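Please read the structure below before turning to the comments.
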Amino acid sequence: MLNRFISICFLAFMALSSILFFFVALAIWLATTLFDRRLVLLHLFSSFWASLYLWVMPAWSVTASGRGKIRKNITYVVVSNHQSQLDILVAFRLFFPFKWVSKAAVFKLPFIGWNMWLNRYIRLKRGNKESIQKMMRACERAIANGSSVYFFPEGTRSKTGELKPFKPGAFILAQKMRVPILPIVISGTRDALPKHSLNFHGRHDIRIKVLDEIPYQSFAMRPPDEIAAHVRKLIASG
């Protein structure tokens with residue numbers, strides 16, 4: 001009963017605060033969109049917005065490591081495992097600019113989804129070939145403009161925590177655009193917020209770890225499926 005009460009209070013706080021933060025985001029977008037072509041300031045504010053929900057939940061202790069490995073002014077294809085909806089908030093704790101590849105339905109959510117639209121994050125309808133093609137073109141444009149792109153190459157959340165096979169799209173993109181791959185490991189979120197659950201589940205230590213980047217030259221001539229398997233192995237070992 002207590003867990004359900006905490007969950008309701010937390011979700012109510014998220015819903016109400018999102019109204020305020022969206023209008024702050026809108027003001028930032030209006031003030032910066034003409035000169036900040038990558039919308040870096042808006043993304044960093046969105047990172048603060050997301051991180052606030054982790055800071056106010058005392059049962060979630062989030063540790064980020066390896067952020068010093070992220071080189072400034074380098075454009076990456078970022079890939080990580082995916083265990084929970086909480087992964088999205090945790091990834092924002094990296095506080096570096098990127099564009100999400102996210103389900104199209106999320107963009108329809110009031111305030112949070114609208115902020116994703118302001119940030120020019122990238123929509124995807126899973127299983128829709130036309131949407132996948134549009135997503136890849138949007139990713140190419142984002143990278144050409146200097147923005148990193150963040151993928152969950154499993155495609156959906158893992159129920160068991162065991163890594164699913166990685167889809168090749170992110171790795172095809174990295175080869176085509178000749179940019180390095182940045183692997184990210186997220187752990188502890190599956191039990192904190194399991195798939196198909198919005199209930200509070202007690203205290204959890206959550207970690208996000210940046211692994212060494214993989215230079216383009218090291219995978220330039222390798223088949224995408226082989227690259228995907230290699231990166232999956234790195235993340236699994238992390």
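Residues are referred to by chain and number: the chain letter is A, B, ... according to the order shown in the structure tokens, the number counts from 1 in that chain, and ligands are numbered separately from 1 in the order shown.
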
Sorted by chain and rising residue number, which residues of range 94-199 of chain A lie within 10 Å of range 227-231 of chain A, and what are their closest atom pairs and distances in Å to one decimal, counting only C-alpha atoms, as JSON lines?
```
{"residue": "A:Pro153", "atom": "CA", "partner": "A:Ala228", "partner_atom": "CA", "distance": 8.5}
{"residue": "A:Pro165", "atom": "CA", "partner": "A:Ala229", "partner_atom": "CA", "distance": 7.5}
{"residue": "A:Phe166", "atom": "CA", "partner": "A:Ala228", "partner_atom": "CA", "distance": 5.7}
{"residue": "A:Lys167", "atom": "CA", "partner": "A:Ala228", "partner_atom": "CA", "distance": 7.0}
{"residue": "A:Pro168", "atom": "CA", "partner": "A:Ala228", "partner_atom": "CA", "distance": 6.0}
{"residue": "A:Gly169", "atom": "CA", "partner": "A:Ala228", "partner_atom": "CA", "distance": 9.0}
{"residue": "A:Ala170", "atom": "CA", "partner": "A:Ala228", "partner_atom": "CA", "distance": 8.4}
{"residue": "A:Phe171", "atom": "CA", "partner": "A:Ala228", "partner_atom": "CA", "distance": 6.5}
{"residue": "A:Ile172", "atom": "CA", "partner": "A:Ile227", "partner_atom": "CA", "distance": 9.1}
{"residue": "A:Gln175", "atom": "CA", "partner": "A:Ile227", "partner_atom": "CA", "distance": 9.9}
{"residue": "A:Ile181", "atom": "CA", "partner": "A:Val231", "partner_atom": "CA", "distance": 8.8}
{"residue": "A:Leu182", "atom": "CA", "partner": "A:Val231", "partner_atom": "CA", "distance": 9.3}
{"residue": "A:Pro183", "atom": "CA", "partner": "A:Val231", "partner_atom": "CA", "distance": 7.1}
{"residue": "A:Ile184", "atom": "CA", "partner": "A:Val231", "partner_atom": "CA", "distance": 9.8}
```

For the strand (DSSP E or B) assignment from backbone DSSP, which residues of range 86-236 of chain A qualify? Please present them as a list of chain:residue names. A:Phe98, A:Lys99, A:Trp100, A:Val101, A:Ser102, A:Lys103, A:Ile122, A:Arg123, A:Leu124, A:Ser148, A:Val149, A:Tyr150, A:Phe151, A:Ile181, A:Leu182, A:Pro183, A:Ile184, A:Val185, A:Ile186, A:Ser187, A:His204, A:Asp205, A:Ile206, A:Arg207, A:Ile208, A:Lys209, A:Val210, A:Ile214

Could you list, as a VMD selection string, every residue within 12 Å of Phe45 in chain A, counting only C-alpha atoms and ignoring same-chain residues fewer than 4 positions away? chain A and resid 21 to 29 39 to 41 49 to 52 92 to 93 95 to 97 115 to 116 118 to 119

Please write the residues from the selection above to a file, keeping C-alpha atoms, as a PDB file, in the first residue's frame.
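again33.pdb was written with the following content:
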```pdb
ATOM      1  CA  PHE A  21       9.043  22.888 -17.213  1.00  0.00           C
ATOM      2  CA  PHE A  22       7.499  22.685 -20.668  1.00  0.00           C
ATOM      3  CA  PHE A  23       6.842  26.419 -20.703  1.00  0.00           C
ATOM      4  CA  VAL A  24      10.413  27.068 -19.534  1.00  0.00           C
ATOM      5  CA  ALA A  25      11.597  24.812 -22.376  1.00  0.00           C
ATOM      6  CA  LEU A  26       9.396  26.679 -24.821  1.00  0.00           C
ATOM      7  CA  ALA A  27      10.908  29.996 -23.693  1.00  0.00           C
ATOM      8  CA  ILE A  28      14.423  28.592 -24.147  1.00  0.00           C
ATOM      9  CA  TRP A  29      13.491  27.315 -27.609  1.00  0.00           C
ATOM     10  CA  LEU A  39      19.527  23.105 -29.629  1.00  0.00           C
ATOM     11  CA  VAL A  40      22.250  22.314 -27.101  1.00  0.00           C
ATOM     12  CA  LEU A  41      20.891  24.656 -24.426  1.00  0.00           C
ATOM     13  CA  TRP A  49      14.376  18.392 -16.083  1.00  0.00           C
ATOM     14  CA  ALA A  50      14.803  14.612 -16.350  1.00  0.00           C
ATOM     15  CA  SER A  51      17.505  14.469 -13.676  1.00  0.00           C
ATOM     16  CA  LEU A  52      15.286  16.301 -11.204  1.00  0.00           C
ATOM     17  CA  PHE A  92      19.939  12.350 -19.476  1.00  0.00           C
ATOM     18  CA  ARG A  93      22.266  12.327 -16.449  1.00  0.00           C
ATOM     19  CA  PHE A  95      24.494  15.940 -19.638  1.00  0.00           C
ATOM     20  CA  PHE A  96      25.871  15.914 -23.138  1.00  0.00           C
ATOM     21  CA  PRO A  97      23.903  16.876 -26.252  1.00  0.00           C
ATOM     22  CA  ASN A 115       9.377  19.009 -25.406  1.00  0.00           C
ATOM     23  CA  MET A 116      10.765  16.124 -27.437  1.00  0.00           C
ATOM     24  CA  LEU A 118      10.951  21.118 -29.565  1.00  0.00           C
ATOM     25  CA  ASN A 119      14.300  19.320 -29.205  1.00  0.00           C
TER      26      ASN A 119
END
```

For Ser61 in chain A, which of A:Val90, A:Val79, A:Leu234, A:Cys139 is the closest residue, counting only C-alpha atoms? A:Val90

Could the residues of range 134-197 of chain A that have an atom at most 9 Å from range 202-221 of chain A be listed as JSON lines, each with its closest atom pair and the distance in Å to one decimal, counting only C-alpha atoms and ordered by chain and ascending residue number?
```
{"residue": "A:Ala174", "atom": "CA", "partner": "A:Tyr216", "partner_atom": "CA", "distance": 7.5}
{"residue": "A:Gln175", "atom": "CA", "partner": "A:Ala220", "partner_atom": "CA", "distance": 6.0}
{"residue": "A:Lys176", "atom": "CA", "partner": "A:Ala220", "partner_atom": "CA", "distance": 8.9}
{"residue": "A:Arg178", "atom": "CA", "partner": "A:Tyr216", "partner_atom": "CA", "distance": 5.8}
{"residue": "A:Val179", "atom": "CA", "partner": "A:Tyr216", "partner_atom": "CA", "distance": 5.5}
{"residue": "A:Pro180", "atom": "CA", "partner": "A:Pro215", "partner_atom": "CA", "distance": 4.6}
{"residue": "A:Ile181", "atom": "CA", "partner": "A:Ile214", "partner_atom": "CA", "distance": 5.1}
{"residue": "A:Leu182", "atom": "CA", "partner": "A:Glu213", "partner_atom": "CA", "distance": 4.6}
{"residue": "A:Pro183", "atom": "CA", "partner": "A:Leu211", "partner_atom": "CA", "distance": 5.5}
{"residue": "A:Ile184", "atom": "CA", "partner": "A:Val210", "partner_atom": "CA", "distance": 4.8}
{"residue": "A:Val185", "atom": "CA", "partner": "A:Lys209", "partner_atom": "CA", "distance": 5.1}
{"residue": "A:Ile186", "atom": "CA", "partner": "A:Ile208", "partner_atom": "CA", "distance": 4.5}
{"residue": "A:Ser187", "atom": "CA", "partner": "A:Arg207", "partner_atom": "CA", "distance": 5.3}
{"residue": "A:Gly188", "atom": "CA", "partner": "A:Ile206", "partner_atom": "CA", "distance": 4.4}
{"residue": "A:Thr189", "atom": "CA", "partner": "A:Ile206", "partner_atom": "CA", "distance": 6.1}
{"residue": "A:Asp191", "atom": "CA", "partner": "A:His204", "partner_atom": "CA", "distance": 7.6}
{"residue": "A:Ala192", "atom": "CA", "partner": "A:His204", "partner_atom": "CA", "distance": 6.0}
```

Selection: 10 Å around Ala142 in chain A, only C-alpha atoms, excl. self and same-chain fewer than 4 positions, as a PDB file with C-alpha atoms, in the first residue's frame:
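Ended up saving to result-v3.pdb:
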```pdb
ATOM      1  CA  ARG A  38      21.807  21.929 -32.477  1.00  0.00           C
ATOM      2  CA  THR A  75      29.640  13.438 -33.057  1.00  0.00           C
ATOM      3  CA  PHE A  98      22.329  14.184 -28.423  1.00  0.00           C
ATOM      4  CA  LYS A  99      19.117  13.410 -30.283  1.00  0.00           C
ATOM      5  CA  ARG A 120      13.933  17.814 -32.678  1.00  0.00           C
ATOM      6  CA  TYR A 121      14.346  14.304 -31.360  1.00  0.00           C
ATOM      7  CA  ILE A 122      13.711  11.598 -33.932  1.00  0.00           C
ATOM      8  CA  MET A 136      17.501   6.943 -40.786  1.00  0.00           C
ATOM      9  CA  ARG A 137      17.371  10.045 -42.995  1.00  0.00           C
ATOM     10  CA  ALA A 138      16.620  12.206 -39.943  1.00  0.00           C
ATOM     11  CA  GLY A 146      26.946  17.896 -35.558  1.00  0.00           C
ATOM     12  CA  SER A 147      24.463  16.184 -33.220  1.00  0.00           C
ATOM     13  CA  SER A 148      25.091  12.755 -31.735  1.00  0.00           C
ATOM     14  CA  VAL A 149      22.204  10.272 -31.965  1.00  0.00           C
TER      15      VAL A 149
END
```

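One finds CA of Gly66 in chain A at 18.2 Å from CA of Arg232 in chain A.
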
Could you give me the residues within range 13-224 of chain A that DSSP places in alpha helix (DSSP H), as an mmCIF file with C-alpha atoms, in the first residue's frame?
```cif
data_model
loop_
_atom_site.group_PDB
_atom_site.id
_atom_site.type_symbol
_atom_site.label_atom_id
_atom_site.label_comp_id
_atom_site.auth_asym_id
_atom_site.auth_seq_id
_atom_site.Cartn_x
_atom_site.Cartn_y
_atom_site.Cartn_z
ATOM 1 C CA PHE A 13 4.706 15.445 -9.140
ATOM 2 C CA MET A 14 5.994 14.514 -12.605
ATOM 3 C CA ALA A 15 2.702 15.465 -14.241
ATOM 4 C CA LEU A 16 2.338 18.826 -12.504
ATOM 5 C CA SER A 17 5.987 19.857 -12.784
ATOM 6 C CA SER A 18 6.022 18.946 -16.484
ATOM 7 C CA ILE A 19 3.537 21.744 -17.157
ATOM 8 C CA LEU A 20 5.881 24.333 -15.668
ATOM 9 C CA PHE A 21 9.043 22.888 -17.213
ATOM 10 C CA PHE A 22 7.499 22.685 -20.668
ATOM 11 C CA PHE A 23 6.842 26.419 -20.703
ATOM 12 C CA VAL A 24 10.413 27.068 -19.534
ATOM 13 C CA ALA A 25 11.597 24.812 -22.376
ATOM 14 C CA LEU A 26 9.396 26.679 -24.821
ATOM 15 C CA ALA A 27 10.908 29.996 -23.693
ATOM 16 C CA ILE A 28 14.423 28.592 -24.147
ATOM 17 C CA TRP A 29 13.491 27.315 -27.609
ATOM 18 C CA LEU A 30 12.091 30.709 -28.640
ATOM 19 C CA ALA A 31 15.166 32.516 -27.326
ATOM 20 C CA THR A 32 17.834 30.220 -28.787
ATOM 21 C CA VAL A 40 22.250 22.314 -27.101
ATOM 22 C CA LEU A 41 20.891 24.656 -24.426
ATOM 23 C CA LEU A 42 17.416 23.202 -24.737
ATOM 24 C CA HIS A 43 18.771 19.653 -24.475
ATOM 25 C CA LEU A 44 20.813 20.541 -21.385
ATOM 26 C CA PHE A 45 17.712 22.028 -19.774
ATOM 27 C CA SER A 46 15.849 18.829 -20.679
ATOM 28 C CA SER A 47 18.675 16.895 -19.013
ATOM 29 C CA PHE A 48 18.143 18.933 -15.842
ATOM 30 C CA TRP A 49 14.376 18.392 -16.083
ATOM 31 C CA ALA A 50 14.803 14.612 -16.350
ATOM 32 C CA SER A 51 17.505 14.469 -13.676
ATOM 33 C CA LEU A 52 15.286 16.301 -11.204
ATOM 34 C CA TYR A 53 12.980 13.282 -11.033
ATOM 35 C CA LEU A 54 15.941 11.084 -10.115
ATOM 36 C CA TRP A 55 17.179 13.543 -7.496
ATOM 37 C CA LEU A 86 13.701 4.753 -16.373
ATOM 38 C CA ASP A 87 16.687 4.346 -18.729
ATOM 39 C CA ILE A 88 15.639 7.536 -20.503
ATOM 40 C CA LEU A 89 15.871 9.643 -17.338
ATOM 41 C CA VAL A 90 19.163 7.987 -16.419
ATOM 42 C CA ALA A 91 20.720 8.651 -19.843
ATOM 43 C CA PHE A 92 19.939 12.350 -19.476
ATOM 44 C CA ILE A 112 7.040 15.805 -22.134
ATOM 45 C CA GLY A 113 6.300 14.670 -25.694
ATOM 46 C CA TRP A 114 5.936 18.250 -26.854
ATOM 47 C CA ASN A 115 9.377 19.009 -25.406
ATOM 48 C CA MET A 116 10.765 16.124 -27.437
ATOM 49 C CA TRP A 117 9.323 17.786 -30.532
ATOM 50 C CA LEU A 118 10.951 21.118 -29.565
ATOM 51 C CA LYS A 129 9.550 0.283 -43.099
ATOM 52 C CA GLU A 130 8.673 3.786 -44.267
ATOM 53 C CA SER A 131 9.091 5.155 -40.741
ATOM 54 C CA ILE A 132 12.447 3.381 -40.383
ATOM 55 C CA GLN A 133 13.649 4.953 -43.635
ATOM 56 C CA LYS A 134 12.509 8.410 -42.478
ATOM 57 C CA MET A 135 14.210 7.847 -39.128
ATOM 58 C CA MET A 136 17.501 6.943 -40.786
ATOM 59 C CA ARG A 137 17.371 10.045 -42.995
ATOM 60 C CA ALA A 138 16.620 12.206 -39.943
ATOM 61 C CA CYS A 139 19.563 10.636 -38.103
ATOM 62 C CA GLU A 140 21.836 11.357 -41.046
ATOM 63 C CA ARG A 141 20.755 15.003 -41.058
ATOM 64 C CA ALA A 142 21.290 15.285 -37.298
ATOM 65 C CA ILE A 143 24.794 13.836 -37.502
ATOM 66 C CA ALA A 144 25.639 16.018 -40.509
ATOM 67 C CA GLY A 169 20.431 0.185 -37.949
ATOM 68 C CA ALA A 170 22.638 2.195 -35.573
ATOM 69 C CA PHE A 171 25.766 0.499 -36.880
ATOM 70 C CA ILE A 172 24.818 0.980 -40.531
ATOM 71 C CA LEU A 173 24.380 4.660 -39.683
ATOM 72 C CA ALA A 174 27.788 4.907 -37.974
ATOM 73 C CA GLN A 175 29.465 3.359 -41.023
ATOM 74 C CA LYS A 176 27.650 5.550 -43.514
ATOM 75 C CA MET A 177 28.328 8.775 -41.616
ATOM 76 C CA THR A 189 16.730 0.165 -13.682
ATOM 77 C CA ARG A 190 14.871 -3.061 -14.479
ATOM 78 C CA ASP A 191 14.053 -3.818 -10.857
ATOM 79 C CA ALA A 192 13.510 -0.156 -9.974
ATOM 80 C CA PRO A 224 26.952 -4.275 -39.611
#
```

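Picture a line from CA of His82 in chain A to CA of Gly155 in chain A; it runs 8.2 Å.
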
Atomic separation - CA of Val78 in chain A relative to CA of Lys233 in chain A, Å: 15.3 Å
